[in-house]
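Visitor: What follows is protein16.cif; its format and atoms are mmCIF, C-alpha atoms.
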data_structure
#
loop_
_atom_site.group_PDB
_atom_site.id
_atom_site.type_symbol
_atom_site.label_atom_id
_atom_site.label_comp_id
_atom_site.auth_asym_id
_atom_site.auth_seq_id
_atom_site.Cartn_x
_atom_site.Cartn_y
_atom_site.Cartn_z
ATOM 1 C CA MET A 30 -20.099 21.115 -31.323
ATOM 2 C CA ASN A 31 -20.185 17.605 -32.750
ATOM 3 C CA LYS A 32 -19.779 14.393 -30.729
ATOM 4 C CA LYS A 33 -15.974 14.415 -31.115
ATOM 5 C CA ASN A 34 -15.834 17.955 -29.758
ATOM 6 C CA TRP A 35 -17.992 17.063 -26.753
ATOM 7 C CA PHE A 36 -15.927 13.943 -26.060
ATOM 8 C CA GLY A 37 -12.690 15.942 -26.234
ATOM 9 C CA ALA A 38 -14.080 18.630 -23.953
ATOM 10 C CA GLY A 39 -15.165 15.993 -21.422
ATOM 11 C CA LEU A 40 -11.709 14.428 -21.393
ATOM 12 C CA LEU A 41 -10.161 17.846 -20.956
ATOM 13 C CA VAL A 42 -12.319 18.613 -17.926
ATOM 14 C CA ILE A 43 -11.341 15.323 -16.293
ATOM 15 C CA MET A 44 -7.623 15.492 -17.089
ATOM 16 C CA LEU A 45 -6.792 19.114 -16.296
ATOM 17 C CA PRO A 46 -6.953 18.819 -12.478
ATOM 18 C CA LEU A 47 -4.701 15.771 -12.579
ATOM 19 C CA LEU A 48 -2.187 17.347 -14.931
ATOM 20 C CA ALA A 49 -2.063 20.517 -12.861
ATOM 21 C CA ALA A 50 -0.721 18.463 -9.960
ATOM 22 C CA SER A 51 2.904 17.697 -9.307
ATOM 23 C CA GLU A 52 3.944 14.356 -7.781
ATOM 24 C CA LYS A 53 3.548 15.875 -4.310
ATOM 25 C CA SER A 54 0.155 17.314 -5.207
ATOM 26 C CA LEU A 55 -0.969 13.924 -6.532
ATOM 27 C CA LYS A 56 -0.233 12.458 -3.119
ATOM 28 C CA VAL A 57 -2.313 15.193 -1.505
ATOM 29 C CA MET A 58 -5.168 14.535 -3.942
ATOM 30 C CA ILE A 59 -5.062 10.824 -3.212
ATOM 31 C CA SER A 60 -5.064 11.616 0.488
ATOM 32 C CA ASP A 61 -8.171 13.766 0.003
ATOM 33 C CA TRP A 62 -9.877 10.952 -1.921
ATOM 34 C CA PHE A 63 -9.181 8.475 0.873
ATOM 35 C CA GLU A 64 -9.526 10.909 3.800
ATOM 36 C CA SER A 65 -6.678 12.807 5.443
ATOM 37 C CA CYS A 66 -4.738 9.702 6.439
ATOM 38 C CA SER A 67 -4.558 6.404 4.560
ATOM 39 C CA VAL A 68 -2.687 3.161 5.100
ATOM 40 C CA ILE A 69 -2.436 0.675 2.246
ATOM 41 C CA VAL A 70 -1.771 -2.928 3.292
ATOM 42 C CA GLN A 71 -0.208 -5.125 0.611
ATOM 43 C CA VAL A 72 -0.046 -8.892 1.160
ATOM 44 C CA ASP A 73 1.861 -10.745 -1.549
ATOM 45 C CA ASP A 74 1.783 -14.450 -2.420
ATOM 46 C CA LEU A 75 3.542 -17.013 -0.257
ATOM 47 C CA ILE A 76 7.282 -17.359 -0.829
ATOM 48 C CA SER A 77 9.143 -20.581 -0.046
ATOM 49 C CA ASN A 78 12.910 -20.389 0.234
ATOM 50 C CA SER A 79 15.369 -22.892 1.770
ATOM 51 C CA GLY A 80 12.579 -24.752 3.523
ATOM 52 C CA LYS A 81 11.093 -21.583 5.026
ATOM 53 C CA HIS A 82 7.704 -20.156 4.095
ATOM 54 C CA TYR A 83 6.508 -16.591 4.537
ATOM 55 C CA LEU A 84 4.054 -13.977 3.296
ATOM 56 C CA PRO A 85 5.594 -10.611 2.338
ATOM 57 C CA ILE A 86 3.585 -7.744 3.826
ATOM 58 C CA LYS A 87 4.115 -4.044 3.094
ATOM 59 C CA LEU A 88 2.503 -0.952 4.533
ATOM 60 C CA PHE A 89 2.267 2.394 2.752
ATOM 61 C CA VAL A 90 1.313 5.365 4.914
ATOM 62 C CA LEU A 91 -0.060 8.625 3.546
ATOM 63 C CA GLY A 92 -0.858 11.554 5.809
ATOM 64 C CA THR A 93 -0.277 11.753 9.563
ATOM 65 C CA PRO A 94 -1.244 8.536 11.380
ATOM 66 C CA PRO A 95 -1.473 7.912 15.130
ATOM 67 C CA THR A 96 1.972 7.300 16.610
ATOM 68 C CA ASN A 97 0.998 3.890 17.998
ATOM 69 C CA ALA A 98 -0.274 1.049 15.846
ATOM 70 C CA LYS A 99 -0.213 -2.705 15.632
ATOM 71 C CA LEU A 100 0.119 -4.898 12.546
ATOM 72 C CA VAL A 101 -2.100 -7.962 12.892
ATOM 73 C CA VAL A 102 -1.949 -10.906 10.484
ATOM 74 C CA SER A 103 -4.807 -13.395 10.721
ATOM 75 C CA THR A 104 -6.092 -16.605 9.237
ATOM 76 C CA THR A 105 -8.698 -19.188 10.217
ATOM 77 C CA LEU A 106 -6.241 -21.888 11.323
ATOM 78 C CA ASP A 107 -3.032 -21.948 13.365
ATOM 79 C CA ALA A 108 -0.417 -21.058 10.753
ATOM 80 C CA PHE A 109 1.861 -18.164 11.741
ATOM 81 C CA THR A 110 5.006 -18.565 13.817
ATOM 82 C CA LYS A 111 6.681 -15.151 13.598
ATOM 83 C CA LEU A 112 6.126 -11.638 12.258
ATOM 84 C CA GLU A 113 9.452 -10.130 11.265
ATOM 85 C CA TYR A 114 10.416 -6.636 10.136
ATOM 86 C CA ILE A 115 12.807 -6.753 7.168
ATOM 87 C CA HIS A 116 14.925 -4.400 5.096
ATOM 88 C CA ASP A 117 13.323 -4.555 1.670
ATOM 89 C CA LEU A 118 16.273 -4.273 -0.715
ATOM 90 C CA ASN A 119 13.984 -3.745 -3.712
ATOM 91 C CA SER A 120 12.080 -0.832 -2.239
ATOM 92 C CA ASN A 121 12.523 2.738 -3.444
ATOM 93 C CA ASN A 122 12.040 3.841 0.155
ATOM 94 C CA ARG A 123 15.426 3.861 1.925
ATOM 95 C CA SER A 124 14.136 5.299 5.190
ATOM 96 C CA LEU A 125 14.307 2.468 7.712
ATOM 97 C CA HIS A 126 12.220 2.315 10.853
ATOM 98 C CA PRO A 127 14.222 3.405 13.940
ATOM 99 C CA LYS A 128 13.222 0.212 15.758
ATOM 100 C CA VAL A 129 12.927 -3.370 14.557
ATOM 101 C CA PRO A 130 9.315 -4.349 15.335
ATOM 102 C CA THR A 131 9.557 -8.153 15.312
ATOM 103 C CA SER A 132 7.490 -10.670 17.255
ATOM 104 C CA PRO A 133 9.166 -13.590 19.058
ATOM 105 C CA SER A 134 8.929 -17.041 17.488
ATOM 106 C CA THR A 135 5.936 -18.997 18.791
ATOM 107 C CA ALA A 136 3.994 -22.163 18.189
ATOM 108 C CA PRO A 137 1.683 -21.812 15.163
ATOM 109 C CA THR A 138 -1.164 -19.420 15.845
ATOM 110 C CA ALA A 139 -4.082 -18.031 13.839
ATOM 111 C CA ASN A 140 -3.342 -14.411 14.795
ATOM 112 C CA ILE A 141 0.069 -12.840 15.122
ATOM 113 C CA ALA A 142 0.822 -9.200 15.820
ATOM 114 C CA VAL A 143 3.631 -6.719 16.308
ATOM 115 C CA ASP A 144 3.603 -3.215 17.777
ATOM 116 C CA ILE A 145 4.814 -0.418 15.501
ATOM 117 C CA TYR A 146 6.103 2.619 17.364
ATOM 118 C CA PRO A 147 6.536 5.241 16.150
ATOM 119 C CA PHE A 148 4.079 4.743 13.307
ATOM 120 C CA LYS A 149 4.804 7.542 10.849
ATOM 121 C CA GLU A 150 4.592 8.502 7.219
ATOM 122 C CA LYS A 151 7.680 8.076 4.985
ATOM 123 C CA LEU A 152 9.204 5.151 6.904
ATOM 124 C CA LEU A 153 9.704 1.737 5.305
ATOM 125 C CA TYR A 154 7.309 -0.959 6.563
ATOM 126 C CA SER A 155 8.133 -4.404 5.185
ATOM 127 C CA PHE A 156 7.426 -7.621 7.046
ATOM 128 C CA LYS A 157 7.580 -11.376 6.690
ATOM 129 C CA ALA A 158 4.759 -13.403 8.236
ATOM 130 C CA HIS A 159 6.421 -16.785 8.727
ATOM 131 C CA VAL A 160 4.175 -19.782 8.059
ATOM 132 C CA ALA A 161 4.406 -23.254 9.591
ATOM 133 C CA ASP A 162 5.398 -26.004 7.153
ATOM 134 C CA PHE A 163 2.137 -27.945 7.494
ATOM 135 C CA GLN A 164 0.024 -24.890 6.514
ATOM 136 C CA ALA A 165 2.201 -23.614 3.668
ATOM 137 C CA LYS A 166 0.293 -25.460 0.916
ATOM 138 C CA SER A 167 -3.094 -24.283 2.189
ATOM 139 C CA ILE A 168 -1.987 -20.657 2.216
ATOM 140 C CA GLU A 169 -0.197 -20.953 -1.134
ATOM 141 C CA ASN A 170 -3.336 -22.428 -2.736
ATOM 142 C CA LYS A 171 -5.514 -19.875 -0.904
ATOM 143 C CA THR A 172 -7.711 -22.595 0.563
ATOM 144 C CA ILE A 173 -7.617 -20.725 3.864
ATOM 145 C CA PRO A 174 -8.061 -16.932 3.878
ATOM 146 C CA VAL A 175 -5.364 -14.569 5.108
ATOM 147 C CA GLY A 176 -5.759 -10.942 6.089
ATOM 148 C CA ALA A 177 -3.457 -8.230 7.395
ATOM 149 C CA PHE A 178 -4.837 -5.358 9.450
ATOM 150 C CA ILE A 179 -3.737 -2.230 11.278
ATOM 151 C CA GLN A 180 -5.057 -1.964 14.822
ATOM 152 C CA PHE A 181 -4.963 1.449 16.505
ATOM 153 C CA LEU A 182 -4.764 1.678 20.271
ATOM 154 C CA PRO A 183 -7.981 2.678 22.057
ATOM 155 C CA ASP A 184 -6.328 5.560 23.930
ATOM 156 C CA GLU A 185 -5.192 7.301 20.734
ATOM 157 C CA LYS A 186 -6.717 10.779 20.661
ATOM 158 C CA SER A 187 -5.691 11.679 17.126
ATOM 159 C CA LYS A 188 -7.828 10.946 14.090
ATOM 160 C CA LEU A 189 -7.558 7.361 12.918
ATOM 161 C CA CYS A 190 -6.461 6.440 9.412
ATOM 162 C CA ARG A 191 -8.461 4.768 6.720
ATOM 163 C CA VAL A 192 -6.907 1.322 6.145
ATOM 164 C CA GLU A 193 -7.358 -0.537 2.837
ATOM 165 C CA ALA A 194 -5.985 -3.469 0.929
ATOM 166 C CA ASP A 195 -3.998 -2.502 -2.163
ATOM 167 C CA THR A 196 -6.153 -2.049 -5.263
ATOM 168 C CA VAL A 197 -5.863 -0.368 -8.647
ATOM 169 C CA PHE A 198 -7.544 2.716 -7.143
ATOM 170 C CA ASN A 199 -4.809 3.342 -4.575
ATOM 171 C CA MET A 200 -1.776 1.958 -6.393
ATOM 172 C CA LEU A 201 -0.123 5.389 -6.694
ATOM 173 C CA VAL A 202 0.258 5.536 -2.910
ATOM 174 C CA GLY A 203 2.743 2.690 -2.851
ATOM 175 C CA SER A 204 4.281 3.078 -6.282
ATOM 176 C CA GLY A 205 7.730 4.467 -6.958
ATOM 177 C CA PRO A 206 8.636 7.577 -8.962
ATOM 178 C CA TRP A 207 8.737 5.765 -12.325
ATOM 179 C CA PRO A 208 5.135 4.477 -12.216
ATOM 180 C CA ARG A 209 3.977 7.949 -11.199
ATOM 181 C CA PHE A 210 6.010 9.472 -14.035
ATOM 182 C CA PHE A 211 4.441 7.130 -16.626
ATOM 183 C CA PHE A 212 1.015 7.854 -15.134
ATOM 184 C CA LEU A 213 1.584 11.568 -15.805
ATOM 185 C CA VAL A 214 2.834 10.828 -19.330
ATOM 186 C CA VAL A 215 -0.370 8.897 -20.064
ATOM 187 C CA LEU A 216 -2.437 11.790 -18.725
ATOM 188 C CA ILE A 217 -0.547 14.228 -20.964
ATOM 189 C CA LEU A 218 -1.152 12.020 -24.018
ATOM 190 C CA ILE A 219 -4.854 11.821 -23.209
ATOM 191 C CA LEU A 220 -4.934 15.599 -22.809
ATOM 192 C CA ALA A 221 -3.243 16.086 -26.170
ATOM 193 C CA GLY A 222 -5.720 13.696 -27.774
ATOM 194 C CA SER A 223 -8.697 15.484 -26.240
ATOM 195 C CA ILE A 224 -7.459 18.860 -27.518
ATOM 196 C CA LYS A 225 -7.044 17.375 -31.015
ATOM 197 C CA LEU A 226 -10.596 16.004 -30.900
ATOM 198 C CA MET A 227 -11.924 19.421 -29.973
ATOM 199 C CA LYS A 228 -10.069 21.048 -32.889
ATOM 200 C CA ASP A 229 -11.249 18.510 -35.498
#
Would you put the structure from the file into structure tokens?
Guide:
Amino acid sequence: MNKKNWFGAGLLVIMLPLLAASEKSLKVMISDWFESCSVIVQVDDLISNSGKHYLPIKLFVLGTPPTNAKLVVSTTLDAFTKLEYIHDLNSNNRSLHPKVPTSPSTAPTANIAVDIYPFKEKLLYSFKAHVADFQAKSIENKTIPVGAFIQFLPDEKSKLCRVEADTVFNMLVGSGPWPRFFFLVVLILILAGSIKLMKD
């Protein structure tokens, strides 16, 4: 075999397991890569609208998490006034949470949290972390760091989830059906190319 043949064979070995998987199987594979339960925390850039400032936060749950959890949003200075559950009209997920986990409005604080119960896979988790006016510029310019975390209760007996920020390596967890479809199309094209290389 020449170099092209070896390269094609290598691509084929890598692509076949992925192509053998359906959309559901891809989710299972991703779950195996990131342990049996994964939570992806996505914090978007600050949005200012009608004099109000907030950070959009989304959670994507894969696998079976503990039924009790807490979303905690933190920064180094007093900035957050409210953590509010919202109905994300742009989301592909139309399964709303049975409760509305929203914190009461408070004076600006560095850490704000809300209890999520039940915390389950397949439900929509979209939040707004409201920011005080005097800290909006600092957060928008990223001069003060912001982080969002999932805190599990100490009395939970079930296995805890792996919690990560959204990255290119776990983007399929939170993506809709179209991105996953195009991902499979790309894999098929790569497979076809690798087979052609092996034949040449």
Visitor: Output as a Markdown table one row per residue of stretch 116-139 of chain A within 12 Å of stretch 96-103 of chain A: the closest atom pair and its distance in Å to one decimal place, counting all atoms listed in the file, sorted by chain and residue number ascending.
Guide:
| residue | atom | partner | partner_atom | distance |
| --- | --- | --- | --- | --- |
| A:Pro130 | CA | A:Leu100 | CA | 9.6 |
| A:Thr131 | CA | A:Leu100 | CA | 10.4 |
| A:Ser132 | CA | A:Leu100 | CA | 10.5 |
| A:Pro137 | CA | A:Ser103 | CA | 11.5 |
| A:Thr138 | CA | A:Ser103 | CA | 8.7 |
| A:Ala139 | CA | A:Ser103 | CA | 5.6 |
Visitor: What is the atom CA of A:Thr135-atom CA of A:Val68 distance in Å, reported with one decimal?
Guide: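 Spanning atom CA of A:Thr135 to atom CA of A:Val68 is a straight-line distance of 27.4 Å.
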Visitor: Could you name the residues that touch A:Asp107 at 12 Å or less, counting all atoms listed in the file, but leaving out those on the same chain fewer than 3 positions away, as a list in words?
Guide: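 Answer for this query is Val102, Ser103, Thr104, Thr110, Lys111, Thr135, Ala136, Pro137, Thr138, Ala139, Asn140, Ile141, His159, Val160, Ala161, Asp162, Phe163, Gln164, Ala165, Ser167, Ile168, Ile173, Pro174 and Val175 of chain A.
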Visitor: Rank A:Ser120, A:Phe89, A:Asn78, A:Phe148 by their smallest atom-to-atom distance to A:Val192, using only C-alpha atoms, and report the top residue only.
Guide: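 Of all the options, A:Phe89 lies closest to A:Val192.
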Visitor: Residues picked by the PyMOL selection byres ((chain A and resi 117) around 10) here, as a ChimeraX atom specification?
Guide: /A:85,87,114-116,118-123,125,153-156
Visitor: Take atom CA of A:Ala177 and atom CA of A:His126 and report the distance between them in Å, one decimal.
Guide: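 Distance reported for this atom pair: 19.2 Å.
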Visitor: Report the distance between atom CA of A:Phe181 and atom CA of A:Ala108 in Å, rounded to one decimal place.
Guide: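 For atom CA of A:Phe181 relative to atom CA of A:Ala108, the distance reads 23.7 Å.
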Visitor: Quick one: residues within 12 Å of (-1.0, 9.0, 12.6) (file frame), counting only C-alpha atoms, please, as a ChimeraX atom specification.
Guide: /A:65-68,90-98,145-151,179-182,185-192
Visitor: Report as JSON the centre and the edge lengths, in Å to one decimal, of the axis-aligned box holding every listed atom of stretch 135-153 of chain A, padded by 8 Å on each side.
Guide:
{"center_x": 2.8, "center_y": -6.8, "center_z": 11.9, "size_x": 29.8, "size_y": 46.7, "size_z": 29.8}
Visitor: So that I can see what lies close to A:Glu169, please list as number ranges by chain the residues with an atom at most 7 Å from it, counting only C-alpha atoms and leaving out residues fewer than 3 positions away in the same chain.
Guide: A: 74-75, 165-166
Visitor: Just checking: using only C-alpha atoms, which residue out of A:Ser134, A:Gln71, A:Ser77, A:Thr196 ends up closest to A:Phe109?
Guide: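 Result for the nearest residue to A:Phe109: A:Ser134.
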Visitor: Pick out the closest residue to A:Asn170 from this set: A:Ile76, A:Ser124, A:Leu88, A:Val70. Count only C-alpha atoms.
Guide: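 Among the listed residues, the smallest separation from A:Asn170 belongs to A:Ile76.
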